[in-house]
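Student: Structure file coords.pdb, PDB, C-alpha atoms, is pasted below:
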```pdb
MODEL        1
ATOM      1  CA  MET A   1      88.371  76.992  88.982
ATOM      2  CA  PHE A   2      90.408  77.459  92.171
ATOM      3  CA  HIS A   3      93.114  79.191  90.135
ATOM      4  CA  LEU A   4      90.571  81.470  88.527
ATOM      5  CA  ILE A   5      89.190  82.524  91.920
ATOM      6  CA  ILE A   6      92.651  83.317  93.304
ATOM      7  CA  PHE A   7      93.555  85.120  90.096
ATOM      8  CA  SER A   8      90.391  87.227  90.229
ATOM      9  CA  VAL A   9      90.721  88.115  93.904
ATOM     10  CA  PHE A  10      94.342  89.180  93.680
ATOM     11  CA  GLY A  11      93.879  90.767  90.265
ATOM     12  CA  LEU A  12      91.109  92.866  91.752
ATOM     13  CA  ILE A  13      93.299  93.835  94.732
ATOM     14  CA  CYS A  14      96.014  94.732  92.232
ATOM     15  CA  ILE A  15      93.745  97.010  90.188
ATOM     16  CA  VAL A  16      92.252  98.625  93.293
ATOM     17  CA  GLY A  17      95.779  99.330  94.554
ATOM     18  CA  ALA A  18      96.815 100.814  91.208
ATOM     19  CA  VAL A  19      93.742 103.054  91.060
ATOM     20  CA  ASN A  20      94.263 104.060  94.684
ATOM     21  CA  LEU A  21      97.811 105.061  93.753
ATOM     22  CA  LEU A  22      96.341 107.479  91.213
ATOM     23  CA  VAL A  23      93.611 108.837  93.480
ATOM     24  CA  GLN A  24      95.611 109.412  96.660
ATOM     25  CA  ARG A  25      97.125 112.851  96.942
ATOM     26  CA  HIS A  26      99.694 112.162  99.621
ATOM     27  CA  PRO A  27     102.786 110.338  98.280
ATOM     28  CA  ILE A  28     103.016 108.058 101.325
ATOM     29  CA  ASN A  29      99.513 106.697 100.619
ATOM     30  CA  SER A  30     100.495 106.139  96.999
ATOM     31  CA  ALA A  31     103.637 104.303  98.112
ATOM     32  CA  LEU A  32     101.683 101.993 100.418
ATOM     33  CA  SER A  33      99.150 101.166  97.703
ATOM     34  CA  LEU A  34     102.080 100.390  95.402
ATOM     35  CA  VAL A  35     103.254  97.876  98.040
ATOM     36  CA  VAL A  36      99.784  96.287  97.883
ATOM     37  CA  VAL A  37     100.029  96.065  94.077
ATOM     38  CA  MET A  38     103.456  94.435  94.274
ATOM     39  CA  GLY A  39     102.377  91.933  96.920
ATOM     40  CA  SER A  40      99.354  90.791  94.948
ATOM     41  CA  LEU A  41     101.469  90.627  91.788
ATOM     42  CA  ALA A  42     103.754  88.194  93.637
ATOM     43  CA  VAL A  43     100.724  85.939  94.170
ATOM     44  CA  GLU A  44      99.965  86.136  90.449
ATOM     45  CA  TYR A  45     103.545  85.076  89.726
ATOM     46  CA  LEU A  46     103.099  82.092  92.048
ATOM     47  CA  LEU A  47      99.965  81.152  90.117
ATOM     48  CA  LEU A  48     102.030  81.216  86.927
ATOM     49  CA  GLY A  49     104.559  78.820  88.456
ATOM     50  CA  ALA A  50     107.301  81.464  88.845
ATOM     51  CA  GLU A  51     108.324  80.881  92.468
ATOM     52  CA  PHE A  52     111.710  82.577  92.157
ATOM     53  CA  VAL A  53     110.282  85.685  90.535
ATOM     54  CA  ALA A  54     107.584  85.872  93.218
ATOM     55  CA  ALA A  55     110.198  85.728  95.975
ATOM     56  CA  VAL A  56     112.366  88.346  94.266
ATOM     57  CA  GLN A  57     109.304  90.526  93.726
ATOM     58  CA  ILE A  58     108.622  90.544  97.468
ATOM     59  CA  ILE A  59     112.241  90.924  98.570
ATOM     60  CA  VAL A  60     113.531  93.419  96.003
ATOM     61  CA  TYR A  61     110.449  95.380  94.993
ATOM     62  CA  ALA A  62     108.145  95.368  97.999
ATOM     63  CA  GLY A  63     111.144  95.288 100.309
ATOM     64  CA  ALA A  64     114.134  97.236  99.084
ATOM     65  CA  VAL A  65     112.750  99.584  96.428
ATOM     66  CA  MET A  66     109.666 100.605  98.377
ATOM     67  CA  VAL A  67     111.675 101.171 101.555
ATOM     68  CA  LEU A  68     113.829 103.523  99.488
ATOM     69  CA  PHE A  69     110.713 105.342  98.282
ATOM     70  CA  VAL A  70     109.211 105.681 101.753
ATOM     71  CA  PHE A  71     112.578 106.777 103.094
ATOM     72  CA  VAL A  72     112.883 109.561 100.502
ATOM     73  CA  ILE A  73     109.272 110.659 101.052
ATOM     74  CA  MET A  74     109.958 111.010 104.770
ATOM     75  CA  LEU A  75     113.374 112.592 104.213
ATOM     76  CA  LEU A  76     111.943 115.310 101.979
ATOM     77  CA  ASN A  77     108.867 115.693 104.195
ATOM     78  CA  ALA A  78     106.650 115.482 101.107
ATOM     79  CA  GLY A  79     103.209 116.892 101.796
ATOM     80  CA  VAL A  80      99.896 116.709  99.983
ATOM     81  CA  GLU A  81     100.465 117.436  96.316
ATOM     82  CA  GLU A  82      98.971 120.633  94.989
ATOM     83  CA  ARG A  83      96.842 120.255  91.894
ATOM     84  CA  THR A  84      97.448 122.656  89.048
ATOM     85  CA  GLN A  85      95.080 123.389  86.199
ATOM     86  CA  GLY A  86      95.463 120.618  83.639
ATOM     87  CA  SER A  87      94.993 120.917  79.925
ATOM     88  CA  ARG A  88      91.329 120.767  78.857
ATOM     89  CA  VAL A  89      92.169 119.286  75.465
ATOM     90  CA  ALA A  90      93.895 116.400  77.237
ATOM     91  CA  LEU A  91      90.785 115.836  79.366
ATOM     92  CA  TRP A  92      88.370 115.833  76.431
ATOM     93  CA  PHE A  93      90.435 113.761  74.044
ATOM     94  CA  GLY A  94      92.676 111.801  76.405
ATOM     95  CA  VAL A  95      90.039 110.093  78.572
ATOM     96  CA  PRO A  96      87.899 108.834  75.661
ATOM     97  CA  GLY A  97      91.107 107.868  73.861
ATOM     98  CA  ILE A  98      92.310 105.765  76.810
ATOM     99  CA  LEU A  99      88.871 104.119  77.126
ATOM    100  CA  VAL A 100      88.639 103.264  73.420
ATOM    101  CA  GLY A 101      92.246 102.016  73.278
ATOM    102  CA  GLY A 102      91.862  99.900  76.427
ATOM    103  CA  LEU A 103      88.600  98.349  75.228
ATOM    104  CA  LEU A 104      90.151  97.591  71.839
ATOM    105  CA  VAL A 105      93.234  95.938  73.327
ATOM    106  CA  SER A 106      91.178  93.916  75.854
ATOM    107  CA  TRP A 107      88.821  92.787  73.100
ATOM    108  CA  VAL A 108      91.683  91.621  70.872
ATOM    109  CA  MET A 109      93.329  89.771  73.770
ATOM    110  CA  LEU A 110      90.097  88.109  74.889
ATOM    111  CA  GLU A 111      89.416  87.026  71.303
ATOM    112  CA  GLN A 112      92.642  84.983  71.445
ATOM    113  CA  ALA A 113      91.564  83.310  74.722
ATOM    114  CA  GLY A 114      91.917  79.758  73.442
ATOM    115  CA  ILE A 115      95.378  79.254  74.931
ATOM    116  CA  GLN A 116      95.655  78.001  78.521
ATOM    117  CA  ALA A 117      98.165  78.870  81.234
ATOM    118  CA  VAL A 118     100.174  76.221  83.083
ATOM    119  CA  PRO A 119      99.446  75.209  86.708
ATOM    120  CA  VAL A 120     101.767  75.829  89.656
ATOM    121  CA  GLY A 121     104.923  73.727  89.508
ATOM    122  CA  ALA A 122     104.374  72.582  85.924
ATOM    123  CA  LEU A 123     107.522  74.302  84.719
ATOM    124  CA  PRO A 124     110.648  72.147  85.059
ATOM    125  CA  GLY A 125     112.133  72.970  88.511
ATOM    126  CA  PRO A 126     112.057  76.792  88.249
ATOM    127  CA  PRO A 127     114.784  78.092  90.606
ATOM    128  CA  LYS A 128     117.309  75.462  89.532
ATOM    129  CA  THR A 129     116.627  75.784  85.818
ATOM    130  CA  LEU A 130     116.446  79.530  86.159
ATOM    131  CA  ALA A 131     119.869  79.612  87.803
ATOM    132  CA  TRP A 132     121.261  77.423  85.029
ATOM    133  CA  LEU A 133     119.875  79.789  82.397
ATOM    134  CA  LEU A 134     121.121  82.819  84.301
ATOM    135  CA  PHE A 135     124.688  81.577  84.728
ATOM    136  CA  HIS A 136     125.124  79.896  81.357
ATOM    137  CA  GLU A 137     123.058  81.363  78.594
ATOM    138  CA  TYR A 138     122.635  84.835  80.102
ATOM    139  CA  LEU A 139     125.980  85.096  81.893
ATOM    140  CA  LEU A 140     127.139  88.167  79.967
ATOM    141  CA  PRO A 141     123.944  90.185  80.587
ATOM    142  CA  PHE A 142     124.131  89.100  84.231
ATOM    143  CA  GLU A 143     127.677  90.423  84.606
ATOM    144  CA  ILE A 144     126.748  93.628  82.793
ATOM    145  CA  THR A 145     123.908  94.104  85.296
ATOM    146  CA  SER A 146     126.386  93.920  88.136
ATOM    147  CA  ILE A 147     128.407  96.724  86.526
ATOM    148  CA  LEU A 148     125.172  98.674  86.038
ATOM    149  CA  VAL A 149     124.321  98.314  89.723
ATOM    150  CA  LEU A 150     127.822  99.434  90.692
ATOM    151  CA  ILE A 151     127.507 102.526  88.483
ATOM    152  CA  ALA A 152     124.053 103.202  89.919
ATOM    153  CA  ILE A 153     125.372 103.039  93.480
ATOM    154  CA  MET A 154     128.172 105.496  92.697
ATOM    155  CA  GLY A 155     125.803 107.769  90.790
ATOM    156  CA  ALA A 156     123.323 107.785  93.657
ATOM    157  CA  VAL A 157     126.030 108.633  96.182
ATOM    158  CA  VAL A 158     127.414 111.454  94.028
ATOM    159  CA  LEU A 159     123.979 112.887  93.218
ATOM    160  CA  ALA A 160     122.615 112.733  96.744
ATOM    161  CA  SER A 161     125.691 114.133  98.470
ATOM    162  CA  ARG A 162     125.634 117.806  99.337
ATOM    163  CA  PRO A 163     127.481 120.033  96.840
ATOM    164  CA  GLU A 164     129.553 121.679  99.610
ATOM    165  CA  SER A 165     130.861 118.363 100.889
ATOM    166  CA  VAL A 166     131.916 117.418  97.327
ATOM    167  CA  GLN A 167     133.855 120.664  96.962
ATOM    168  CA  ARG A 168     135.424 120.226 100.386
ATOM    169  CA  SER A 169     136.592 116.717  99.530
ATOM    170  CA  LYS A 170     138.018 118.068  96.257
ATOM    171  CA  LYS A 171     140.036 120.648  98.148
ATOM    172  CA  GLU A 172     141.311 118.049 100.551
ATOM    173  CA  ALA A 173     142.346 115.741  97.704
TER     174      ALA A 173
ATOM    175  CA  MET B 174      93.071  77.249  84.560
ATOM    176  CA  VAL B 175      93.386  80.948  83.907
ATOM    177  CA  PRO B 176      93.748  81.887  80.241
ATOM    178  CA  LEU B 177      96.788  83.837  79.166
ATOM    179  CA  SER B 178      94.661  86.721  77.967
ATOM    180  CA  TYR B 179      93.402  87.465  81.488
ATOM    181  CA  TYR B 180      96.958  87.983  82.652
ATOM    182  CA  LEU B 181      97.635  90.193  79.649
ATOM    183  CA  VAL B 182      94.539  92.289  80.319
ATOM    184  CA  LEU B 183      95.582  92.707  83.973
ATOM    185  CA  SER B 184      99.075  93.705  82.885
ATOM    186  CA  GLY B 185      97.589  96.144  80.369
ATOM    187  CA  ILE B 186      95.402  97.708  83.056
ATOM    188  CA  LEU B 187      98.402  98.117  85.357
ATOM    189  CA  PHE B 188     100.441  99.677  82.563
ATOM    190  CA  ALA B 189      97.583 102.035  81.679
ATOM    191  CA  CYS B 190      97.274 103.068  85.347
ATOM    192  CA  GLY B 191     101.008 103.774  85.329
ATOM    193  CA  VAL B 192     100.767 105.909  82.188
ATOM    194  CA  THR B 193      97.789 107.801  83.599
ATOM    195  CA  GLY B 194      99.607 108.437  86.861
ATOM    196  CA  PHE B 195     102.675 109.584  84.963
ATOM    197  CA  LEU B 196     100.557 112.124  83.102
ATOM    198  CA  ILE B 197      98.236 113.426  85.833
ATOM    199  CA  LYS B 198     100.459 113.346  88.921
ATOM    200  CA  ARG B 199     102.241 116.536  89.872
ATOM    201  CA  ASN B 200     104.414 115.233  92.704
ATOM    202  CA  ILE B 201     107.738 114.019  91.332
ATOM    203  CA  ILE B 202     107.827 111.019  93.710
ATOM    204  CA  SER B 203     104.331 109.934  92.671
ATOM    205  CA  ILE B 204     105.391 110.178  89.019
ATOM    206  CA  PHE B 205     108.342 107.946  89.824
ATOM    207  CA  MET B 206     106.049 105.414  91.493
ATOM    208  CA  SER B 207     103.865 105.401  88.373
ATOM    209  CA  ILE B 208     106.937 104.391  86.376
ATOM    210  CA  GLU B 209     107.482 101.490  88.790
ATOM    211  CA  LEU B 210     103.847 100.516  88.253
ATOM    212  CA  MET B 211     104.413 100.389  84.490
ATOM    213  CA  LEU B 212     107.487  98.193  84.965
ATOM    214  CA  ASN B 213     105.415  95.835  87.133
ATOM    215  CA  GLY B 214     102.733  95.576  84.474
ATOM    216  CA  VAL B 215     105.339  94.650  81.869
ATOM    217  CA  ASN B 216     106.869  92.085  84.244
ATOM    218  CA  LEU B 217     103.500  90.375  84.622
ATOM    219  CA  SER B 218     103.151  89.920  80.875
ATOM    220  CA  PHE B 219     106.739  88.605  80.711
ATOM    221  CA  VAL B 220     105.976  85.934  83.321
ATOM    222  CA  ALA B 221     102.631  85.103  81.697
ATOM    223  CA  PHE B 222     104.295  84.497  78.330
ATOM    224  CA  ALA B 223     107.084  82.510  79.983
ATOM    225  CA  ALA B 224     104.461  80.194  81.461
ATOM    226  CA  GLN B 225     102.578  80.105  78.182
ATOM    227  CA  TRP B 226     105.512  79.048  76.000
ATOM    228  CA  LYS B 227     107.175  77.062  78.806
ATOM    229  CA  ALA B 228     110.296  79.155  78.178
ATOM    230  CA  LEU B 229     112.071  80.244  81.336
ATOM    231  CA  SER B 230     113.947  83.002  79.509
ATOM    232  CA  GLY B 231     110.969  85.229  80.220
ATOM    233  CA  GLN B 232     111.536  84.876  83.940
ATOM    234  CA  VAL B 233     115.250  85.619  83.510
ATOM    235  CA  PHE B 234     114.304  88.839  81.760
ATOM    236  CA  VAL B 235     111.949  89.737  84.588
ATOM    237  CA  PHE B 236     114.951  89.353  86.874
ATOM    238  CA  PHE B 237     116.931  91.753  84.691
ATOM    239  CA  VAL B 238     114.057  94.220  84.576
ATOM    240  CA  MET B 239     113.910  94.134  88.378
ATOM    241  CA  VAL B 240     117.637  94.805  88.696
ATOM    242  CA  VAL B 241     117.442  97.711  86.268
ATOM    243  CA  ALA B 242     114.366  99.045  88.098
ATOM    244  CA  ALA B 243     116.180  98.890  91.424
ATOM    245  CA  ALA B 244     119.177 100.747  89.963
ATOM    246  CA  GLU B 245     116.829 103.264  88.361
ATOM    247  CA  ALA B 246     115.028 103.789  91.669
ATOM    248  CA  ALA B 247     118.299 104.474  93.480
ATOM    249  CA  VAL B 248     119.550 106.982  90.882
ATOM    250  CA  GLY B 249     116.137 108.561  90.385
ATOM    251  CA  LEU B 250     115.561 109.123  94.073
ATOM    252  CA  ALA B 251     119.033 110.629  94.367
ATOM    253  CA  ILE B 252     118.122 113.009  91.529
ATOM    254  CA  ILE B 253     114.872 113.862  93.331
ATOM    255  CA  ILE B 254     116.846 114.689  96.477
ATOM    256  CA  ALA B 255     119.212 116.889  94.452
ATOM    257  CA  VAL B 256     116.281 118.657  92.762
ATOM    258  CA  TYR B 257     114.587 119.232  96.101
ATOM    259  CA  ARG B 258     117.774 120.688  97.513
ATOM    260  CA  THR B 259     118.080 123.315  94.785
ATOM    261  CA  ARG B 260     114.377 124.092  94.163
ATOM    262  CA  GLU B 261     112.803 123.372  97.563
ATOM    263  CA  THR B 262     109.789 121.889  95.783
ATOM    264  CA  LEU B 263     108.570 118.504  94.570
ATOM    265  CA  ASN B 264     106.012 119.911  92.120
ATOM    266  CA  VAL B 265     107.126 119.183  88.561
ATOM    267  CA  ASP B 266     105.337 122.275  87.247
ATOM    268  CA  GLN B 267     107.829 124.402  89.144
ATOM    269  CA  VAL B 268     110.823 122.429  87.904
ATOM    270  CA  ASN B 269     111.065 123.850  84.412
ATOM    271  CA  LEU B 270     114.682 124.921  84.090
ATOM    272  CA  LEU B 271     117.659 122.653  83.499
ATOM    273  CA  LYS B 272     119.935 125.081  85.284
ATOM    274  CA  LEU B 273     119.057 127.245  88.234
TER     275      LEU B 273
ENDMDL
END
```
Let me see the structure of the file written as structure tokens.
Tutor:
Amino acid sequence: MFHLIIFSVFGLICIVGAVNLLVQRHPINSALSLVVVMGSLAVEYLLLGAEFVAAVQIIVYAGAVMVLFVFVIMLLNAGVEERTQGSRVALWFGVPGILVGGLLVSWVMLEQAGIQAVPVGALPGPPKTLAWLLFHEYLLPFEITSILVLIAIMGAVVLASRPESVQRSKKEA
Amino acid sequence: MVPLSYYLVLSGILFACGVTGFLIKRNIISIFMSIELMLNGVNLSFVAFAAQWKALSGQVFVFFVMVVAAAEAAVGLAIIIAVYRTRETLNVDQVNLLKL
């Protein structure tokens, strides 16, 4: 019962944040509501017994990634977004389509509601077991991710640097 | 206890919000944030299934998804900065040429 209450409260906060992200017209408001969504998702992870994932969600997502977003929004001085005329066909067919599809999927999922989730801490020692999995079974993907991050860092530096400075460094080299 | 399906419905709602934002938003940064929202929705269903089947591999994959999302955010925001530098706009409707 207690779990259900916490789940509902934070699930509701999550959905409100996601909808607010859509409604807000200034990117900085959208970014802050995305932080709300990520924070409440971390609580949902805790409910599911995933302590490590919850901590990483806060540190990496709500911390690092969102700081990057806010930084870029401020750097580019992004203002209120201007709305352009959307497609009418999309409005007439898309909205009912989303509603029907969402209701159908929710109905199918709720029909299979017999299965129960596990309580907090029921999984065998998450961070320790997780580390064992990560560094034994999934060692190769883990190492590949490190290469991916390295490439991403270099790509970001190259893309974000000014074209003139790249040409100047080429001349110097 | 909370049934698995509730988590899946929540994750579906988040993903749908992300798709909607991706389609209706006109600011390139907002579109990018919608993509992050979709990734978060998928992560929730990963963790829910990991708890359901008592298989921690799901959580390991969430970790990988987060790393890829962080890398994607870094590269994507760098691309946004580059686009802004050449076009002086963040509106995707005005970014319709590969080459300036």
Student: Which residues fall under the PyMOL selection byres ((chain B and resi 236-242) around 9) in this file, as a PDB file with C-alpha atoms, in the frame of the given file?
Tutor:
```pdb
ATOM      1  CA  VAL A  53     110.282  85.685  90.535  1.00  0.00           C
ATOM      2  CA  VAL A  56     112.366  88.346  94.266  1.00  0.00           C
ATOM      3  CA  GLN A  57     109.304  90.526  93.726  1.00  0.00           C
ATOM      4  CA  VAL A  60     113.531  93.419  96.003  1.00  0.00           C
ATOM      5  CA  TYR A  61     110.449  95.380  94.993  1.00  0.00           C
ATOM      6  CA  VAL A  65     112.750  99.584  96.428  1.00  0.00           C
ATOM      7  CA  PRO A 141     123.944  90.185  80.587  1.00  0.00           C
ATOM      8  CA  PHE A 142     124.131  89.100  84.231  1.00  0.00           C
ATOM      9  CA  THR A 145     123.908  94.104  85.296  1.00  0.00           C
ATOM     10  CA  SER A 146     126.386  93.920  88.136  1.00  0.00           C
ATOM     11  CA  LEU A 148     125.172  98.674  86.038  1.00  0.00           C
ATOM     12  CA  VAL A 149     124.321  98.314  89.723  1.00  0.00           C
TER      13      VAL A 149
ATOM     14  CA  GLU B 209     107.482 101.490  88.790  1.00  0.00           C
ATOM     15  CA  LEU B 212     107.487  98.193  84.965  1.00  0.00           C
ATOM     16  CA  ASN B 213     105.415  95.835  87.133  1.00  0.00           C
ATOM     17  CA  ASN B 216     106.869  92.085  84.244  1.00  0.00           C
ATOM     18  CA  GLY B 231     110.969  85.229  80.220  1.00  0.00           C
ATOM     19  CA  GLN B 232     111.536  84.876  83.940  1.00  0.00           C
ATOM     20  CA  VAL B 233     115.250  85.619  83.510  1.00  0.00           C
ATOM     21  CA  PHE B 234     114.304  88.839  81.760  1.00  0.00           C
ATOM     22  CA  VAL B 235     111.949  89.737  84.588  1.00  0.00           C
ATOM     23  CA  ALA B 243     116.180  98.890  91.424  1.00  0.00           C
ATOM     24  CA  ALA B 244     119.177 100.747  89.963  1.00  0.00           C
ATOM     25  CA  GLU B 245     116.829 103.264  88.361  1.00  0.00           C
ATOM     26  CA  ALA B 246     115.028 103.789  91.669  1.00  0.00           C
ATOM     27  CA  ALA B 247     118.299 104.474  93.480  1.00  0.00           C
TER      28      ALA B 247
END
```
Student: Take the ChimeraX specification (/A :<7) & /B, run it mentally on this structure, and tell me the resulting residues as a PyMOL selection string.
Tutor: chain B and resi 174-178+182-183+187+190+194+199-200+202-203+220-221+224-225+227+229+232-233+236+243-244+246-248+250-252+254-255
Student: Point out the residue among B:Ile197, B:Ala228, B:Val256, B:Val192 with the least atom-to-atom distance to Gly214 of chain B, counting all atoms listed in the file.
Tutor: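 The answer is B:Val192, which sits nearest to Gly214 of chain B.
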Student: Measure the distance from atom CA of Ile208 of chain B to atom CA of Phe195 of chain B in Å and round it to one decimal.
Tutor: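 A separation of 6.9 Å between them.
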Student: Can you work out which one of A:Val67, A:Leu91, A:Ala62, A:Ile13 has the shortest atom-to-atom distance to Val35 of chain A, counting all atoms listed in the file?
Tutor: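 For Val35 of chain A, the nearest of the candidates is A:Ala62.
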Student: Find the distance between atom CA of Ile201 of chain B and atom CA of Ile253 of chain B and write it in Å to one decimal.
Tutor: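 Distance between the two atoms: 7.4 Å.
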